[in-house]
$ cat final11.csv   # CSV, C-alpha atoms and all ligand atoms
chain,number,residue,atom,x,y,z
H,1,MET,CA,103.7,43.6,-3.7
H,2,THR,CA,102.2,46.9,-4.7
H,3,MET,CA,99.0,47.6,-6.6
H,4,THR,CA,96.3,50.2,-6.8
H,5,THR,CA,93.6,49.6,-4.2
H,6,ARG,CA,90.2,50.7,-5.3
H,7,TYR,CA,87.7,51.8,-2.7
H,8,LEU,CA,84.0,51.5,-3.5
H,9,SER,CA,81.0,52.4,-1.4
H,10,VAL,CA,78.0,50.1,-1.5
H,11,GLY,CA,74.5,51.7,-1.6
H,12,SER,CA,71.3,50.7,-0.1
H,13,ASP,CA,70.6,47.8,-2.5
H,14,PRO,CA,73.7,45.6,-2.3
H,15,ASN,CA,72.1,42.8,-4.4
H,16,HIS,CA,72.1,45.0,-7.5
H,17,ASP,CA,75.0,47.3,-6.6
H,18,PRO,CA,77.7,47.6,-9.3
H,19,ALA,CA,80.5,47.5,-6.6
H,20,VAL,CA,79.2,44.2,-5.3
H,21,ILE,CA,79.0,42.8,-8.8
H,22,GLU,CA,82.5,43.9,-9.6
H,23,ALA,CA,83.7,42.3,-6.3
H,24,ALA,CA,82.1,39.0,-7.2
H,25,GLU,CA,83.9,39.1,-10.6
H,26,LEU,CA,87.2,39.8,-9.0
H,27,LEU,CA,86.6,36.8,-6.7
H,28,HIS,CA,85.9,34.6,-9.7
H,29,ALA,CA,89.1,35.8,-11.3
H,30,GLY,CA,91.0,34.5,-8.3
H,31,GLU,CA,91.6,37.9,-6.6
H,32,VAL,CA,91.0,39.0,-3.0
H,33,VAL,CA,88.5,41.6,-1.9
H,34,ALA,CA,87.8,43.2,1.5
H,35,PHE,CA,84.2,43.5,2.5
H,36,PRO,CA,82.1,44.4,5.6
H,37,THR,CA,80.5,41.8,7.8
H,38,GLU,CA,78.4,42.5,11.0
H,39,THR,CA,81.4,41.6,13.2
H,40,VAL,CA,84.5,43.0,11.5
H,41,TYR,CA,85.7,43.5,7.9
H,42,GLY,CA,86.9,40.3,6.1
H,43,LEU,CA,89.5,39.8,3.4
H,44,GLY,CA,87.8,37.3,1.0
H,45,ALA,CA,88.8,34.9,-1.7
H,46,ASP,CA,87.0,32.2,-3.6
H,47,ALA,CA,87.3,29.2,-1.2
H,48,THR,CA,87.2,26.7,-4.1
H,49,GLN,CA,90.5,28.2,-5.5
H,50,PRO,CA,93.5,27.3,-3.4
H,51,GLU,CA,95.8,29.9,-5.2
H,52,ALA,CA,93.3,32.6,-4.5
H,53,VAL,CA,93.1,31.7,-0.8
H,54,GLN,CA,96.9,31.8,-0.7
H,55,LYS,CA,96.7,35.5,-1.7
H,56,ILE,CA,94.9,36.2,1.5
H,57,PHE,CA,97.8,34.8,3.5
H,58,ASP,CA,100.3,36.9,1.5
H,59,ALA,CA,98.4,40.1,1.7
H,60,LYS,CA,97.8,39.8,5.5
H,61,GLN,CA,101.2,38.2,6.3
H,62,ARG,CA,99.2,35.5,8.1
H,63,PRO,CA,101.0,32.5,9.5
H,64,SER,CA,100.4,29.8,6.9
H,65,ASP,CA,99.1,27.2,9.4
H,66,ASN,CA,96.2,29.4,10.7
H,67,PRO,CA,93.0,28.2,9.0
H,68,VAL,CA,90.4,30.6,7.7
H,69,ILE,CA,86.6,30.7,8.0
H,70,VAL,CA,84.5,30.0,4.9
H,71,HIS,CA,81.6,32.5,4.6
H,72,VAL,CA,78.5,31.1,2.8
H,73,GLY,CA,75.3,32.5,1.5
H,74,THR,CA,73.2,29.3,1.4
H,75,MET,CA,73.2,26.0,3.2
H,76,GLU,CA,74.0,24.3,-0.2
H,77,GLN,CA,77.3,26.2,-0.3
H,78,ALA,CA,78.0,25.2,3.3
H,79,LEU,CA,77.6,21.5,2.4
H,80,GLN,CA,80.4,21.8,-0.2
H,81,PHE,CA,82.8,22.3,2.7
H,82,ALA,CA,81.2,20.4,5.5
H,83,GLN,CA,81.5,16.6,5.5
H,84,ASP,CA,78.3,15.0,7.0
H,85,PRO,CA,77.7,17.6,9.7
H,86,ASN,CA,75.7,16.5,12.7
H,87,PHE,CA,72.3,17.4,13.9
H,88,TYR,CA,73.8,20.2,16.1
H,89,PHE,CA,75.1,21.9,13.0
H,90,PHE,CA,71.7,22.1,11.3
H,91,THR,CA,69.9,23.1,14.5
H,92,LEU,CA,72.3,26.0,15.3
H,93,ALA,CA,72.6,27.1,11.6
H,94,LYS,CA,68.8,27.3,11.5
H,95,ALA,CA,68.6,29.3,14.7
H,96,PHE,CA,71.6,31.7,14.3
H,97,TRP,CA,72.4,32.1,10.6
H,98,PRO,CA,72.8,34.5,9.1
H,99,GLY,CA,74.7,35.9,12.1
H,100,PRO,CA,77.9,36.0,14.1
H,101,LEU,CA,78.3,32.3,14.8
H,102,THR,CA,81.1,30.2,13.2
H,103,LEU,CA,80.6,26.4,13.3
H,104,VAL,CA,83.5,24.0,13.2
H,105,VAL,CA,82.6,20.7,11.5
H,106,PRO,CA,84.4,17.9,9.6
H,107,ALA,CA,85.9,19.2,6.4
H,108,THR,CA,85.4,17.9,2.8
H,109,ASP,CA,88.4,17.4,0.5
H,110,MET,CA,87.5,20.7,-1.2
H,111,ALA,CA,87.8,22.5,2.1
H,112,LYS,CA,91.1,20.7,2.9
H,113,ALA,CA,92.6,21.7,-0.4
H,114,SER,CA,92.3,25.4,0.4
H,115,VAL,CA,91.3,26.7,3.9
H,116,THR,CA,91.9,24.2,6.7
H,117,ARG,CA,95.7,24.3,6.6
H,118,GLY,CA,96.3,20.7,7.7
H,119,LEU,CA,93.3,20.3,10.0
H,120,ASP,CA,90.5,17.9,9.1
H,121,THR,CA,87.8,20.3,10.3
H,122,VAL,CA,86.5,23.5,8.7
H,123,ALA,CA,85.0,26.7,10.2
H,124,LEU,CA,81.8,28.0,8.5
H,125,ARG,CA,79.6,30.9,8.9
H,126,MET,CA,76.8,32.7,7.1
H,127,PRO,CA,77.2,36.5,7.7
H,128,ARG,CA,74.1,38.7,8.1
H,129,HIS,CA,75.6,42.0,6.9
H,130,PRO,CA,73.6,42.7,3.7
H,131,VAL,CA,76.8,43.4,1.7
H,132,ALA,CA,78.5,40.2,2.8
H,133,LEU,CA,75.4,38.2,2.2
H,134,ALA,CA,74.9,39.8,-1.3
H,135,LEU,CA,78.5,39.1,-2.1
H,136,THR,CA,78.4,35.4,-1.2
H,137,GLN,CA,75.2,34.9,-3.1
H,138,ARG,CA,76.3,36.9,-6.1
H,139,ALA,CA,79.7,35.0,-6.2
H,140,GLY,CA,77.8,31.7,-5.9
H,141,VAL,CA,80.7,30.1,-4.0
H,142,GLY,CA,82.0,30.0,-0.4
H,143,ILE,CA,84.2,33.0,0.5
H,144,ALA,CA,87.3,32.2,2.6
H,145,ALA,CA,87.9,35.2,4.8
H,146,PRO,CA,89.8,36.1,7.9
H,147,SER,CA,89.6,39.6,9.4
H,148,ALA,CA,91.0,42.2,6.9
H,149,ASN,CA,93.9,43.5,9.0
H,150,LEU,CA,97.6,42.9,8.8
H,151,SER,CA,98.4,40.0,11.1
H,152,GLY,CA,99.0,41.3,14.6
H,153,ARG,CA,96.9,44.5,14.1
H,154,PRO,CA,93.4,44.9,15.6
H,155,SER,CA,90.5,43.6,13.4
H,156,PRO,CA,89.1,46.4,11.2
H,157,THR,CA,85.7,47.7,12.0
H,158,LYS,CA,85.6,50.4,9.3
H,159,ALA,CA,86.7,50.4,5.6
H,160,GLU,CA,89.3,53.1,6.6
H,161,HIS,CA,91.0,50.6,8.9
H,162,VAL,CA,91.4,48.1,6.1
H,163,ARG,CA,92.9,50.9,3.9
H,164,GLN,CA,95.4,51.7,6.7
H,165,ASP,CA,96.6,48.1,6.8
H,166,LEU,CA,96.2,46.8,3.2
H,167,ALA,CA,96.3,49.7,0.8
H,168,GLY,CA,98.6,48.7,-2.1
H,169,ARG,CA,98.3,45.0,-1.2
H,170,ILE,CA,94.8,44.2,-2.4
H,171,PRO,CA,92.8,45.4,-5.5
H,172,LEU,CA,89.4,46.3,-3.8
H,173,ILE,CA,87.8,47.4,-0.6
H,174,LEU,CA,84.0,47.5,-0.3
H,175,ASP,CA,82.9,50.2,2.1
H,176,GLY,CA,79.7,49.3,3.9
H,177,GLY,CA,80.1,51.6,6.9
H,178,SER,CA,81.1,50.6,10.4
H,179,CYS,CA,80.5,47.1,11.7
H,180,GLN,CA,77.6,46.7,14.0
H,181,VAL,CA,79.0,44.2,16.5
H,182,GLY,CA,82.7,45.2,16.4
H,183,ILE,CA,84.3,42.0,17.7
H,184,GLU,CA,84.7,38.7,15.9
H,185,SER,CA,82.2,35.9,15.7
H,186,THR,CA,81.7,33.2,18.3
H,187,VAL,CA,83.6,30.1,17.1
H,188,LEU,CA,81.9,26.8,18.3
H,189,ASP,CA,83.6,23.4,17.8
H,190,LEU,CA,81.0,20.7,17.0
H,191,THR,CA,83.4,17.9,16.4
H,192,GLY,CA,83.7,16.7,20.1
H,193,HIS,CA,81.2,14.9,22.2
H,194,THR,CA,80.1,18.2,23.8
H,195,PRO,CA,80.1,21.4,21.7
H,196,GLY,CA,82.9,23.8,22.8
H,197,ILE,CA,83.5,27.5,22.4
H,198,LEU,CA,86.9,28.2,20.9
H,199,ARG,CA,86.4,31.9,20.8
H,200,PRO,CA,83.6,33.8,22.6
H,201,GLY,CA,81.6,36.3,20.7
H,202,GLN,CA,78.2,38.1,20.8
H,203,ILE,CA,76.3,34.8,20.7
H,204,SER,CA,77.0,33.4,24.2
H,205,ALA,CA,77.1,29.9,25.7
H,206,ALA,CA,73.7,30.6,27.3
H,207,ASP,CA,72.2,31.6,23.9
H,208,LEU,CA,73.6,28.3,22.4
H,209,GLU,CA,72.4,26.1,25.2
H,210,ARG,CA,69.0,27.5,25.1
H,211,VAL,CA,68.6,26.4,21.4
H,212,LEU,CA,70.4,23.1,21.8
H,213,GLY,CA,68.9,22.1,25.1
H,214,ALA,CA,72.4,20.6,25.8
H,215,PRO,CA,75.4,21.9,27.7
H,216,ILE,CA,78.2,23.8,26.0
H,217,LYS,CA,81.9,23.8,27.1
H,218,GLU,CA,83.8,27.0,27.3
H,219,VAL,CA,87.0,25.6,25.8
H,220,ALA,CA,90.0,27.6,27.0
H,221,GLY,CA,93.8,27.4,27.6
H,222,GLU,CA,95.8,24.5,26.2
H,223,GLU,CA,92.8,22.7,24.7
H,224,ALA,CA,91.7,25.8,22.7
H,225,LYS,CA,95.3,26.1,21.5
H,226,ARG,CA,95.3,22.6,20.3
H,227,ARG,CA,92.0,22.8,18.6
H,228,SER,CA,92.1,26.4,17.3
H,229,PRO,CA,95.4,27.5,15.8
H,230,GLY,CA,94.4,31.2,15.9
H,231,THR,CA,94.6,31.2,19.7
H,232,ARG,CA,98.3,30.2,19.6
H,233,TYR,CA,99.5,33.4,18.0
H,234,ARG,CA,100.3,36.6,19.9
H,235,HIS,CA,97.2,38.7,19.7
H,236,TYR,CA,97.0,42.3,19.0
H,237,ALA,CA,97.9,44.7,21.8
H,238,PRO,CA,98.2,48.4,21.2
H,239,ASP,CA,101.8,49.8,21.4
H,240,ALA,CA,100.9,51.3,24.8
H,241,PRO,CA,100.4,48.9,27.6
H,242,VAL,CA,96.7,48.2,28.5
H,243,TRP,CA,95.5,48.0,32.1
H,244,VAL,CA,92.0,46.7,32.8
H,245,LEU,CA,90.1,48.0,35.8
H,246,GLY,CA,87.3,45.9,37.5
H,247,PRO,CA,84.0,47.4,38.5
H,248,ALA,CA,84.9,47.2,42.2
H,249,ILE,CA,87.5,50.0,41.8
H,250,GLY,CA,85.9,53.1,43.4
H,251,PRO,CA,86.4,56.8,42.5
H,252,ASP,CA,89.0,57.5,45.2
H,253,ALA,CA,91.2,54.5,44.1
H,254,PHE,CA,90.9,55.7,40.5
H,255,GLU,CA,92.0,59.2,41.5
H,256,LEU,CA,95.0,57.7,43.4
H,257,LEU,CA,95.9,55.6,40.4
H,258,LEU,CA,96.0,58.7,38.2
H,259,GLN,CA,98.1,60.5,40.8
H,260,PHE,CA,100.5,57.5,40.9
H,261,LEU,CA,100.8,57.4,37.1
H,262,VAL,CA,101.4,61.1,36.7
H,263,GLU,CA,103.5,61.8,39.8
H,264,LYS,CA,105.4,58.6,40.3
H,265,GLN,CA,105.6,57.1,36.9
H,266,GLY,CA,105.9,60.4,35.0
H,267,LEU,CA,103.3,59.5,32.4
H,268,LYS,CA,102.3,62.4,30.1
H,269,ARG,CA,99.3,61.1,28.3
H,270,ILE,CA,96.9,58.4,29.5
H,271,GLY,CA,94.2,56.9,27.3
H,272,TYR,CA,91.0,56.0,29.1
H,273,LEU,CA,88.0,54.0,27.8
H,274,GLY,CA,85.3,54.2,30.4
H,275,TRP,CA,82.3,55.9,32.0
H,276,ARG,CA,84.0,57.8,34.9
H,277,PRO,CA,83.7,61.6,34.9
H,278,LEU,CA,87.1,63.2,35.0
H,279,GLU,CA,87.2,66.2,37.2
H,280,GLY,CA,90.3,65.8,39.4
H,281,VAL,CA,93.6,67.5,39.1
H,282,TYR,CA,94.9,64.9,36.6
H,283,ALA,CA,92.0,65.1,34.2
H,284,ASP,CA,93.9,67.1,31.7
H,285,ARG,CA,96.4,64.2,31.3
H,286,VAL,CA,93.7,61.8,30.2
H,287,GLU,CA,92.3,61.3,26.7
H,288,LYS,CA,88.9,60.0,27.5
H,289,TYR,CA,86.7,58.0,25.1
H,290,ALA,CA,83.4,57.8,26.8
H,291,ILE,CA,82.0,54.3,27.2
H,292,ASP,CA,78.8,54.8,29.1
H,293,ARG,CA,76.3,52.7,27.2
H,294,GLY,CA,77.5,49.2,28.4
H,295,PRO,CA,79.2,46.3,26.7
H,296,ARG,CA,77.6,46.6,23.3
H,297,GLN,CA,79.1,50.1,23.0
H,298,LEU,CA,82.5,48.9,24.2
H,299,ALA,CA,82.5,46.0,21.7
H,300,HIS,CA,81.4,48.3,18.9
H,301,GLU,CA,84.2,50.8,19.6
H,302,LEU,CA,87.1,48.8,21.2
H,303,TYR,CA,89.2,48.1,18.1
H,304,ARG,CA,88.7,51.6,16.6
H,305,TYR,CA,89.7,53.3,19.9
H,306,PHE,CA,92.8,51.0,20.2
H,307,ARG,CA,93.8,52.1,16.7
H,308,GLU,CA,93.2,55.8,17.5
H,309,LEU,CA,95.1,55.6,20.8
H,310,ASP,CA,98.0,54.0,19.0
H,311,ASP,CA,98.0,56.9,16.6
H,312,ARG,CA,98.0,59.4,19.5
H,313,GLU,CA,100.9,57.7,21.1
H,314,VAL,CA,99.5,57.6,24.7
H,315,ASP,CA,101.8,56.1,27.4
H,316,LEU,CA,99.2,53.8,28.8
H,317,ILE,CA,95.6,52.8,28.1
H,318,LEU,CA,93.1,52.3,31.0
H,319,VAL,CA,90.0,50.3,30.2
H,320,GLU,CA,87.0,49.6,32.4
H,321,GLY,CA,86.4,45.9,32.3
H,322,ALA,CA,83.0,44.4,31.6
H,323,VAL,CA,80.9,42.1,33.8
H,324,GLN,CA,81.5,38.5,32.8
H,325,ARG,CA,78.1,37.8,31.4
H,326,GLY,CA,76.8,37.6,27.8
H,327,LEU,CA,78.8,39.9,25.5
H,328,GLY,CA,81.0,40.8,28.6
H,329,ILE,CA,82.6,37.4,28.4
H,330,ALA,CA,83.7,38.0,24.8
H,331,LEU,CA,84.9,41.5,25.7
H,332,MET,CA,87.0,40.3,28.6
H,333,ASP,CA,88.5,37.6,26.4
H,334,ARG,CA,89.7,40.3,24.0
H,335,LEU,CA,90.8,42.6,26.8
H,336,GLN,CA,92.7,39.8,28.6
H,337,LYS,CA,94.6,39.2,25.4
H,338,ALA,CA,95.6,42.8,25.1
H,339,ALA,CA,96.2,43.6,28.8
H,340,SER,CA,99.5,43.6,30.7
H,341,GLN,CA,97.7,44.2,34.1
H,342,ILE,CA,94.2,43.5,35.3
H,343,PHE,CA,93.1,45.0,38.6
H,344,GLU,CA,89.9,43.5,39.9
H,345,THR,CA,90.0,44.9,43.4
H,346,GLU,CA,91.2,48.1,45.1
H,347,ARG,CA,93.5,45.9,47.2
H,348,GLN,CA,95.3,44.6,44.1
H,349,LEU,CA,95.6,48.1,42.8
H,350,ARG,CA,97.0,49.5,46.0
H,351,GLN,CA,99.4,46.7,46.4
H,352,TYR,CA,100.7,47.3,42.9
H,353,MET,CA,101.2,51.0,43.6
H,354,GLU,CA,103.0,50.3,46.9
H,355,GLU,CA,105.6,48.0,45.3
A,401,LIG,O1,83.7,37.5,12.8
A,401,LIG,C1,84.6,36.8,12.3
A,401,LIG,O2,84.7,35.6,12.5
A,401,LIG,C2,85.5,37.4,11.2
A,401,LIG,C3,84.6,37.9,10.0
A,401,LIG,C4,85.5,38.4,8.9
A,401,LIG,O3,83.8,36.8,9.6
A,401,LIG,N1,86.5,36.6,10.8
A,401,LIG,C5,87.6,36.3,11.6
A,401,LIG,O4,88.5,35.4,11.0
A,401,LIG,O5,87.7,36.7,12.8
A,401,LIG,P1,90.0,35.2,11.7
A,401,LIG,O6,90.7,34.3,10.7
A,401,LIG,O7,90.6,36.4,12.1
A,401,LIG,O8,89.6,34.3,12.9
A,401,LIG,C6,89.2,32.9,12.7
A,401,LIG,C7,89.5,32.1,13.9
A,401,LIG,C8,91.0,31.9,14.0
A,401,LIG,O9,91.3,31.9,15.4
A,401,LIG,C9,91.2,30.5,13.4
A,401,LIG,O10,92.3,29.8,13.9
A,401,LIG,C10,89.9,29.8,13.8
A,401,LIG,O11,88.9,30.8,13.7
A,401,LIG,N2,89.6,28.7,12.9
A,401,LIG,C11,89.4,28.7,11.6
A,401,LIG,N3,89.2,27.4,11.1
A,401,LIG,C12,89.2,26.6,12.2
A,401,LIG,C13,89.0,25.2,12.4
A,401,LIG,N4,88.8,24.4,11.4
A,401,LIG,N5,89.1,24.7,13.7
A,401,LIG,C14,89.3,25.6,14.7
A,401,LIG,N6,89.5,26.9,14.6
A,401,LIG,C15,89.5,27.4,13.3
A,402,MG,MG,91.8,37.9,12.8

$ encode --input "final11.csv" --output "structure tokens" --more "lines below"
Ligand code: TXA
Ligand code: MG
Amino acid sequence: MTMTTRYLSVGSDPNHDPAVIEAAELLHAGEVVAFPTETVYGLGADATQPEAVQKIFDAKQRPSDNPVIVHVGTMEQALQFAQDPNFYFFTLAKAFWPGPLTLVVPATDMAKASVTRGLDTVALRMPRHPVALALTQRAGVGIAAPSANLSGRPSPTKAEHVRQDLAGRIPLILDGGSCQVGIESTVLDLTGHTPGILRPGQISAADLERVLGAPIKEVAGEEAKRRSPGTRYRHYAPDAPVWVLGPAIGPDAFELLLQFLVEKQGLKRIGYLGWRPLEGVYADRVEKYAIDRGPRQLAHELYRYFRELDDREVDLILVEGAVQRGLGIALMDRLQKAASQIFETERQLRQYMEE
């Protein structure tokens, strides 16, 4: 599978931009197109054409039983794919759409024919990125779209990342700059008695509870696997192992850790995502990416830095963990999936170094 991949920038008026119009025409013709959303870039196809949706799976090398989200531009489009959604669906869509919230509801036959991969539910979201919104509205159909990476790679947050993974495999990439949020949408299952989060994102359980006035379950572990096929697959981890450090690890313990890694483990290059100043004797071994503006910044940069550190072939990546609150919950979910070690306390760290 090799073809010429065109790369078009979208200007400040996406609704009338020739690149968006061309992308909509490609979608109608049954082709796939990569486009920016506020979370990560998506690889889209007309969700009403099963053969077009199949092309997404081929281009990404996605496991064929992993369902894809349908992106809509209007509530009318959503109702082509959602079978009698309940009151929660309308309430949450009204409050959070367009935005990074994906709602799982019973699927129509149209959805079952193309995107649900054997499930009887469908995942829907209305993106708020102006290019994504213009594209769904111009195309006039729901757009099936998973993240626009090769399966097993980090989600792309810049058009350049899509090019790295999919050049030669898709006809068009729309460049709309870097994605604002940087991690994927919150996925909320509305088919059970109590709504349950299948994948945490920027919109938190507390945000959802405030609007619903009802409790939300943080679905995890075996139940999430059963209900959300995506969580079954091995998730992206950089080539280098990732260690996550908790906020309780002080500067002395951090310095000891660097000493251990360099002197005892013989590491040459260590990647570091965090806020600590690096002044000690081991500072020159560390490639630091400063994260000093909190969880929003870490979410925005995480996948980009993982890609860059892979390119730089560091031996290990140290990441400062986030506090488990709001966006921090979603960040820790992604970090836990990537990490081989998580040290929450200095004691855990010292114990590891002594063994
Ligand atoms: O922010 C996002 O959600 C991005 C942008 C492009 O919109 N999309 C995204 O798609 O992350 P993807 O395919 O990489 O992740 C979608 C997740 C997968 O874990 C998939 O298994 C799950 O949603 N999913 C899709 N349909 C589902 C359904 N009917 N029931 C449960 N989980 C579903
Ligand atoms: Mg993905």

$ closest_atom_pairs --input "final11.csv" --of "chain H" --to "ligand LIG 401 (chain A)" --cutoff "7 Å" --atoms "only C-alpha atoms and all ligand atoms" --output "JSON lines"
{"residue": "H:Thr37", "atom": "CA", "partner": "A:LIG401", "partner_atom": "C3", "distance": 6.1}
{"residue": "H:Thr39", "atom": "CA", "partner": "A:LIG401", "partner_atom": "O1", "distance": 4.7}
{"residue": "H:Val40", "atom": "CA", "partner": "A:LIG401", "partner_atom": "C3", "distance": 5.3}
{"residue": "H:Tyr41", "atom": "CA", "partner": "A:LIG401", "partner_atom": "C4", "distance": 5.2}
{"residue": "H:Gly42", "atom": "CA", "partner": "A:LIG401", "partner_atom": "C4", "distance": 3.7}
{"residue": "H:Leu43", "atom": "CA", "partner": "A:LIG401", "partner_atom": "C4", "distance": 6.9}
{"residue": "H:Asn66", "atom": "CA", "partner": "A:LIG401", "partner_atom": "O10", "distance": 5.1}
{"residue": "H:Pro67", "atom": "CA", "partner": "A:LIG401", "partner_atom": "N3", "distance": 4.4}
{"residue": "H:Val68", "atom": "CA", "partner": "A:LIG401", "partner_atom": "C11", "distance": 4.5}
{"residue": "H:Ile69", "atom": "CA", "partner": "A:LIG401", "partner_atom": "C11", "distance": 5.0}
{"residue": "H:His71", "atom": "CA", "partner": "A:LIG401", "partner_atom": "O3", "distance": 7.0}
{"residue": "H:Pro100", "atom": "CA", "partner": "A:LIG401", "partner_atom": "O1", "distance": 6.1}
{"residue": "H:Thr102", "atom": "CA", "partner": "A:LIG401", "partner_atom": "O2", "distance": 6.5}
{"residue": "H:Val104", "atom": "CA", "partner": "A:LIG401", "partner_atom": "N4", "distance": 5.6}
{"residue": "H:Thr116", "atom": "CA", "partner": "A:LIG401", "partner_atom": "N4", "distance": 5.6}
{"residue": "H:Leu119", "atom": "CA", "partner": "A:LIG401", "partner_atom": "N4", "distance": 6.2}
{"residue": "H:Thr121", "atom": "CA", "partner": "A:LIG401", "partner_atom": "N4", "distance": 4.4}
{"residue": "H:Val122", "atom": "CA", "partner": "A:LIG401", "partner_atom": "N4", "distance": 3.7}
{"residue": "H:Ala123", "atom": "CA", "partner": "A:LIG401", "partner_atom": "N3", "distance": 4.4}
{"residue": "H:Pro127", "atom": "CA", "partner": "A:LIG401", "partner_atom": "O3", "distance": 6.9}
{"residue": "H:Ala145", "atom": "CA", "partner": "A:LIG401", "partner_atom": "C4", "distance": 5.7}
{"residue": "H:Pro146", "atom": "CA", "partner": "A:LIG401", "partner_atom": "O4", "distance": 3.4}
{"residue": "H:Ser147", "atom": "CA", "partner": "A:LIG401", "partner_atom": "C4", "distance": 4.3}
{"residue": "H:Ala148", "atom": "CA", "partner": "A:LIG401", "partner_atom": "C4", "distance": 7.0}
{"residue": "H:Ile183", "atom": "CA", "partner": "A:LIG401", "partner_atom": "O1", "distance": 6.7}
{"residue": "H:Glu184", "atom": "CA", "partner": "A:LIG401", "partner_atom": "O1", "distance": 3.5}
{"residue": "H:Ser185", "atom": "CA", "partner": "A:LIG401", "partner_atom": "O1", "distance": 3.6}
{"residue": "H:Thr186", "atom": "CA", "partner": "A:LIG401", "partner_atom": "O2", "distance": 7.0}
{"residue": "H:Val187", "atom": "CA", "partner": "A:LIG401", "partner_atom": "O11", "distance": 6.3}
{"residue": "H:Asp189", "atom": "CA", "partner": "A:LIG401", "partner_atom": "C14", "distance": 6.9}
{"residue": "H:Leu198", "atom": "CA", "partner": "A:LIG401", "partner_atom": "N6", "distance": 6.9}
{"residue": "H:Arg227", "atom": "CA", "partner": "A:LIG401", "partner_atom": "C14", "distance": 5.5}
{"residue": "H:Ser228", "atom": "CA", "partner": "A:LIG401", "partner_atom": "N6", "distance": 3.8}
{"residue": "H:Pro229", "atom": "CA", "partner": "A:LIG401", "partner_atom": "O10", "distance": 4.3}
{"residue": "H:Gly230", "atom": "CA", "partner": "A:LIG401", "partner_atom": "O9", "distance": 3.2}
{"residue": "H:Thr231", "atom": "CA", "partner": "A:LIG401", "partner_atom": "O9", "distance": 5.5}

$ residues_around --input "final11.csv" --residues "segment 311-313 of chain H" --least-positions-apart "3" --cutoff "8 Å" --atoms "all atoms listed in the file" --output "list in words"
Asp239, Ala240, Arg307 and Glu308 of chain H

$ closest_residue --input "final11.csv" --among "H:Lys55, H:His235, H:Lys337, H:Lys94" --to "ligand MG 402 (chain A)" --atoms "all atoms listed in the file"
H:His235

$ atom_distance --input "final11.csv" --atom1 "atom CA of Ala19 of chain H" --atom2 "atom CA of Pro171 of chain H"
12.5 Å

$ residues_around --input "final11.csv" --residues "segment 201-216 of chain H" --least-positions-apart "6" --cutoff "12 Å" --atoms "all atoms listed in the file" --output "VMD selection string"
chain H and resid 38 to 40 87 to 97 99 to 103 180 to 190 192 to 195 295 to 296 299 to 300 324 to 334

$ build_atoms --input "final11.csv" --residues "segment 259-268 of chain H" --atoms "N, CA, C and O atoms" --output "PDB file, keeping the file's coordinate frame"
ATOM      1  N   GLN H 259      97.056  59.783  40.092  1.00  0.00           N
ATOM      2  CA  GLN H 259      98.100  60.500  40.800  1.00  0.00           C
ATOM      3  C   GLN H 259      99.447  59.695  40.686  1.00  0.00           C
ATOM      4  O   GLN H 259     100.498  60.226  40.347  1.00  0.00           O
ATOM      5  N   PHE H 260      99.336  58.391  40.949  1.00  0.00           N
ATOM      6  CA  PHE H 260     100.500  57.500  40.900  1.00  0.00           C
ATOM      7  C   PHE H 260     101.113  57.517  39.469  1.00  0.00           C
ATOM      8  O   PHE H 260     102.330  57.616  39.312  1.00  0.00           O
ATOM      9  N   LEU H 261     100.252  57.436  38.467  1.00  0.00           N
ATOM     10  CA  LEU H 261     100.800  57.400  37.100  1.00  0.00           C
ATOM     11  C   LEU H 261     101.446  58.653  36.667  1.00  0.00           C
ATOM     12  O   LEU H 261     102.482  58.628  36.013  1.00  0.00           O
ATOM     13  N   VAL H 262     100.879  59.771  37.083  1.00  0.00           N
ATOM     14  CA  VAL H 262     101.400  61.100  36.700  1.00  0.00           C
ATOM     15  C   VAL H 262     102.640  61.439  37.551  1.00  0.00           C
ATOM     16  O   VAL H 262     103.723  61.739  37.046  1.00  0.00           O
ATOM     17  N   GLU H 263     102.464  61.370  38.862  1.00  0.00           N
ATOM     18  CA  GLU H 263     103.500  61.800  39.800  1.00  0.00           C
ATOM     19  C   GLU H 263     104.674  60.843  39.916  1.00  0.00           C
ATOM     20  O   GLU H 263     105.829  61.224  39.903  1.00  0.00           O
ATOM     21  N   LYS H 264     104.324  59.562  40.081  1.00  0.00           N
ATOM     22  CA  LYS H 264     105.400  58.600  40.300  1.00  0.00           C
ATOM     23  C   LYS H 264     105.968  57.991  39.064  1.00  0.00           C
ATOM     24  O   LYS H 264     107.156  57.732  38.985  1.00  0.00           O
ATOM     25  N   GLN H 265     105.104  57.748  38.090  1.00  0.00           N
ATOM     26  CA  GLN H 265     105.600  57.100  36.900  1.00  0.00           C
ATOM     27  C   GLN H 265     105.926  58.081  35.771  1.00  0.00           C
ATOM     28  O   GLN H 265     106.443  57.690  34.727  1.00  0.00           O
ATOM     29  N   GLY H 266     105.550  59.330  35.992  1.00  0.00           N
ATOM     30  CA  GLY H 266     105.900  60.400  35.000  1.00  0.00           C
ATOM     31  C   GLY H 266     105.174  60.281  33.686  1.00  0.00           C
ATOM     32  O   GLY H 266     105.689  60.746  32.669  1.00  0.00           O
ATOM     33  N   LEU H 267     103.970  59.662  33.664  1.00  0.00           N
ATOM     34  CA  LEU H 267     103.300  59.500  32.400  1.00  0.00           C
ATOM     35  C   LEU H 267     102.718  60.901  31.938  1.00  0.00           C
ATOM     36  O   LEU H 267     102.263  61.702  32.737  1.00  0.00           O
ATOM     37  N   LYS H 268     102.790  61.133  30.637  1.00  0.00           N
ATOM     38  CA  LYS H 268     102.300  62.400  30.100  1.00  0.00           C
ATOM     39  C   LYS H 268     100.892  62.333  29.602  1.00  0.00           C
ATOM     40  O   LYS H 268     100.097  63.218  29.828  1.00  0.00           O
TER      41      LYS H 268
END
